[in-house]
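S.K.: Got a structure for you, written out below as structure tokens; questions coming shortly.
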Amino acid sequence: MLRSKVFMKKTKRGKILKIVREHYLRDDIWCGTPLCNECDQEEGSTVLSEDPVNKSTLCPFQHYLVFDTNVILHQIDVIEDKAIQNAIILQVVLDEVRHRSAPVYKRIKDCIDDSSKHFYTFVNEFHKDTYIERIKGESANDRNDRAIRTASLWYQKHLHHACDGEVRVVLLTNDRENREKAKAEGLVAFTVHEYVQGLTDSTNLVDKLSTQSQVKTTQQSQLFPEHLPLSEIQKGIRSGKFLQGTFQASRENYLEANVNVQDQEQAVFLQGHAQLNRAISGDVVAIEMLPETEWSCPSSLIIEDLEEKADEDIEEEVKMEKVDFAAAKKKALMRPTGRVVGIIKRNWRQYCGILQKSVMQGANRHLFIPAERKIPRIRIETRQAAELEGKRIIVVIDSWPKNSRYPQGHFVRCLGEIGDKDTENEVLLLEHDVPHASFSKAVLDCLPKLPWVITEEDEKQRTDLRHVDICSVDPPGCTDIDDALHCITMENGNYEVGVHIADVSHFIRPGTAIDKEAANRGTTVYLIDKRIDMVPELLSSNLCSLKGGEERFAFSCIWELNQNAEIQNVRFHKSIIKSRAALTYAEAQMRIDDPKKVDNVTQSLRSLNKLAKILKQRRIDQGALTLASPEIRFHIDSETHDPIDVQAKELRETNSMVEEFMLLANISVAKKITQEFPNCAILRRHPSPPLSNYDIIVDVAAAKGFKLNVSTGKALADSLERAVVPGHPYFNTMLRILCTRCMMQAVYFCSGLLAEAEYEHYGLATPIYTHFTSPIRRYSDLMVHRLLAVAASADTSYPELLDKHKSQAICNNLNFRHRMAQYAGRASVGLHTQIFFKSRVSDEKGYVLFVRKNALQILIPKYGLEGTIFLSEDKKPSIFTFNEKETTQSVGDVTLHVFDPVVVQIAIDASNIQHQKLLLKLVEPSVPGFSVPALDTDVEPPPPKKMKA
């Protein structure tokens, strides 16, 4: 059956075009219920249940549910619950959900794919009895509502005949007008809240109801300015009156934030409740710049968590804040300051945290305290407060009215006991949006069948390097071995050097389920006690891993280098290799240092090490930065999996050796793929930071008598090399740590969307760079392998690979996933640090990293830890005097500067049940009136240290 519409359209050039739109309708689309004796049933498809019973006091009869679009968008947490079954998802609704929210669309699709829920997609837009055309003057939303009612009515009549009237349809919609029209047409219709509250044993499900459609207007005073409508915001952005950017709340001060505006070097500063105006970290906001006379600057205060404080205490904090801000305006250097006038896009997500029960007896309204300090407290209603006390829970935000101090939300689910390691791991993965669910059956079906063997056809298509003495060098315990190396002295005195990378692209083909999953995950995430793989373990730890003694597929980059480590030529091969040994950094170093070792692998390592030193010095001479960041390694108990020792990671020459050849391979591959694909190469750039980023470190260096030249990367590298204080060996390291924090984030990008001058990698001082060497754990490298394979005539291309806009969209996701993986890794270090010090108190040497108005931030090199020493307690005035100009804190004859050595006592502060953290107390220099508390008698003393042999 065909519906067609013909209309005329006038082009810009005045021509009249005849446009014909055809819409094909069918009369053989199955209704989806096995109870039907009229439709032709489709075998193997997900169907509605034969016994559609939902225990409801409102609907005591058998029924199927139909949702409108807003119900799915706002009540997806309820819909996902196992109590909600037997639903008909209309095509018109599914299409609108896909258009309005990709995350919710994925979740409803997962519900449809879950056979236990009995959800059925009905393509009402192609059924001859349910398709409707839009009436003249009818809005798209009203047409869709009418389409939902039409399809529901068809189902009701169809089921009445097909099932002898025993099964009915119930429409759930919170739109009052739509609901009234549905009832007038003879449909059974309820709000979601009515239906859920009518279910038997619905207590837990009621808590999951979104409050968005139930927000009550009250006569309370307005606490925040009104948000402008989107139409006015868009008009203001076009005229330049408003700016658009991403809102980033401060972790150190809940009353401050920055808005990153595109194409603007410096972020716009916001300060105070009114200027923040209900924006939440991650939101896309519209801001209005304040006149320069009202500009401000970040406070020197570190405001501690307010979780245990009542609302009236917060009011006092706000008053103190205003006084502090007024004093701050005396500073010479002000920041461009603005205020939020509207929200362009909310980027709310699920938040982990704990429940703070109301003090009122029998109350259902409580406060939720997010684990992420940048997120405000959330008001929720729950009848399970007693059961949820002491638990980690998940909550989502529904709205933030202008007359409410807190946003309003609803409970989603409970994760487990606070402090339980598995629960805390789940929290940090959820908080950093790390995909960590088990791989789906569709993904696992893409894996090769075992036993996997190399065939004669494989050998014909690849370069056979199994005769070459190749080895890998990795951290201890590494099972996902991406890379291996070899070095052979040639007859002409030059060296043949090879970097061999796991050929993951052989097993993961474009467009497959496993490819889409890897693209979404973006990277493997390394926690202290577990690894969240980008690809299934069969590939990551077995078939792709370049294990010692195993034949594996690789992508090889092979150079001829002269004695000065200068490239004479380079070639790229899809290869077959057989690693002679999978060594740790320590084992490789022992081979190099042992003069008795003269085997081929050891000789290869010595040559590689010699060449790597030349390569590294050349990079440094060209301006590459040698920065620092404190890294630690935990020794884990094999039974309890708790940390039993912590130490700073030891770096050897072999670490640098591997790094240099991975860098060289990445640069060589970047040049090759850009030469072949100038508009669609996947590269990695590191933008040079704005000079203002260095202001803090320049001042710190000047206080120690050093002039830090930050005009170029080379000038900065040379300045850092000269900044050495006799008798203070850690000074230079700390300076480099601070420099690391001044840097911009390195990002992936598609070459066709930036000028060549912007390809530069600032930190490495190279004009072009990419990631090629870790395809097991980075999807970016997998894309680069595919480009290189086409360039080396080892594989064929496909359209998406050469589409620069699609490639850039993938890069944007990879940048986000990479950043979140870094944050999750740091959070895992923090969690295990807390576990390690939970039963220990230790005095350790540290250094002052920053001097704040009310605190000192301390770095402890032994553990690579940072902590804060607050210089005043509660509301007592500090005995220290803060010198803002010189950035010092002094009391009596003791003055503390940045980088000064101190001795601190480390323990765990468990007073805050959610944010247990390191508690640092100043031991040396000794300050009268600022004493260290006695050790808790329940805390075990640190174990005796073993004597070195």
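Letters for chains follow the order of the structure tokens (A, B, ...), residue numbers begin at 1 for each chain, and ligand numbers begin at 1 in the order shown.
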Could you name the residues that touch region 697-708 of chain A at 8 Å or less, counting only C-alpha atoms, but leaving out those on the same chain fewer than 3 positions away, as a list of chain:residue names?
M.R.: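 In the requested form, the answer reads A:Tyr694, A:Leu716, A:Ser719, A:Leu720, A:Ala723, A:Leu735, A:Leu738, A:Cys739, A:Glu886, A:Val898.
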S.K.: Give me the residues within 7 Å of region 492-508 of chain A as a list in words, counting only C-alpha atoms and dropping any in the same chain fewer than 6 places off.
M.R.: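 Surrounding residues, per the criterion: Asp482, Asp483, Ala484, Leu485, His486, Ile514, Asp515, Cys544, Ser545, Leu546, Phe553, Ala554, Phe555, Ser556, Cys557, Ile558, Trp559, Glu560, Leu561, Asn562, Gln563, Ala665, Thr773, Pro775, Ile776, Leu782, His785 and Arg786 of chain A.
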S.K.: Kindly save the residues from that selection, with C-alpha atoms included, as a JSON list (two decimals), in the first residue's frame.
M.R.:
[["chain", "number", "residue", "atom", "x", "y", "z"],
["A", 482, "ASP", "CA", 51.43, -4.88, 23.00],
["A", 483, "ASP", "CA", 54.99, -4.43, 21.84],
["A", 484, "ALA", "CA", 58.29, -6.23, 21.29],
["A", 485, "LEU", "CA", 61.70, -5.17, 19.92],
["A", 486, "HIS", "CA", 64.80, -6.44, 18.16],
["A", 514, "ILE", "CA", 33.37, -6.08, 18.86],
["A", 515, "ASP", "CA", 34.64, -3.06, 16.91],
["A", 544, "CYS", "CA", 46.98, -10.70, 20.52],
["A", 545, "SER", "CA", 49.44, -10.63, 23.42],
["A", 546, "LEU", "CA", 53.04, -11.06, 22.23],
["A", 553, "PHE", "CA", 50.58, -11.72, 14.26],
["A", 554, "ALA", "CA", 52.26, -8.32, 14.44],
["A", 555, "PHE", "CA", 52.53, -5.03, 12.61],
["A", 556, "SER", "CA", 56.26, -4.32, 12.33],
["A", 557, "CYS", "CA", 58.02, -0.99, 11.93],
["A", 558, "ILE", "CA", 61.65, -1.68, 10.92],
["A", 559, "TRP", "CA", 64.35, 0.98, 10.54],
["A", 560, "GLU", "CA", 67.93, 1.06, 9.43],
["A", 561, "LEU", "CA", 69.73, 3.33, 11.91],
["A", 562, "ASN", "CA", 73.33, 4.48, 11.70],
["A", 563, "GLN", "CA", 75.71, 4.74, 14.67],
["A", 665, "ALA", "CA", 57.65, 4.27, 15.98],
["A", 773, "THR", "CA", 52.11, 1.04, 19.77],
["A", 775, "PRO", "CA", 46.27, -1.38, 20.02],
["A", 776, "ILE", "CA", 45.30, -3.96, 22.66],
["A", 782, "LEU", "CA", 43.64, 0.32, 16.18],
["A", 785, "HIS", "CA", 46.81, 0.37, 12.24],
["A", 786, "ARG", "CA", 43.98, 0.33, 9.72]]
S.K.: Rank nothing, just name the residue among A:Ile16, A:Ala162, A:Glu125, A:Gly419 nearest to Asn912 (chain A), using only C-alpha atoms.
M.R.: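 Closest candidate: A:Gly419.
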S.K.: Looking only at strand (DSSP E) from DSSP on the backbone, list the matching residues of region 350-541 of chain A as a VMD selection string.
M.R.: chain A and resid 350 to 356 365 to 370 378 to 381 391 to 399 408 to 417 463 to 464 471 to 474 483 to 489 495 to 502 525 to 526 531 to 532
S.K.: Could you find all residues in region 438-681 of chain A that DSSP calls helix (DSSP H, G or I) from the backbone, and write them as a PyMOL selection string?
M.R.: chain A and resi 441-444+456-461+504-506+513-521+537-543+585-593+600-621+653-676
S.K.: Have a look at CA of Ile79 (chain A) and CA of Ser101 (chain A) and let me know their distance in Å, one decimal.
M.R.: 15.6 Å
S.K.: Using only C-alpha atoms, can you tell me which of A:Leu355, A:Met734, A:Leu871, A:Val790 comes closest to Pro901 (chain A)?
M.R.: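 Among A:Leu355, A:Met734, A:Leu871, A:Val790, it is A:Met734 that comes nearest to Pro901 (chain A).
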S.K.: Measuring atom to atom with only C-alpha atoms, identify which of A:Arg179, A:Lys671, A:Arg107, A:Arg13 is nearest to Arg146 (chain A).
M.R.: A:Arg179
S.K.: Using only C-alpha atoms, can you tell me which of A:Val904, A:Cys59, A:Leu896, A:Ala147 comes closest to Leu859 (chain A)?
M.R.: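 Closest candidate: A:Val904.
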S.K.: Neighbours of His99 (chain A) within 12 Å (only C-alpha atoms; same-chain residues fewer than 6 positions away dropped), as a PDB file with C-alpha atoms, in the first residue's frame?
M.R.:
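Written file, out.pdb:
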ATOM      1  CA  THR A  69       7.980   9.576  24.728  1.00  0.00           C
ATOM      2  CA  LEU A  73      12.851   9.865  28.655  1.00  0.00           C
ATOM      3  CA  VAL A  92       7.065   6.861  16.755  1.00  0.00           C
ATOM      4  CA  VAL A  93       8.138   6.923  20.414  1.00  0.00           C
ATOM      5  CA  TYR A 105      17.695   5.306  23.597  1.00  0.00           C
ATOM      6  CA  LYS A 106      20.445   2.763  24.312  1.00  0.00           C
TER       7      LYS A 106
END
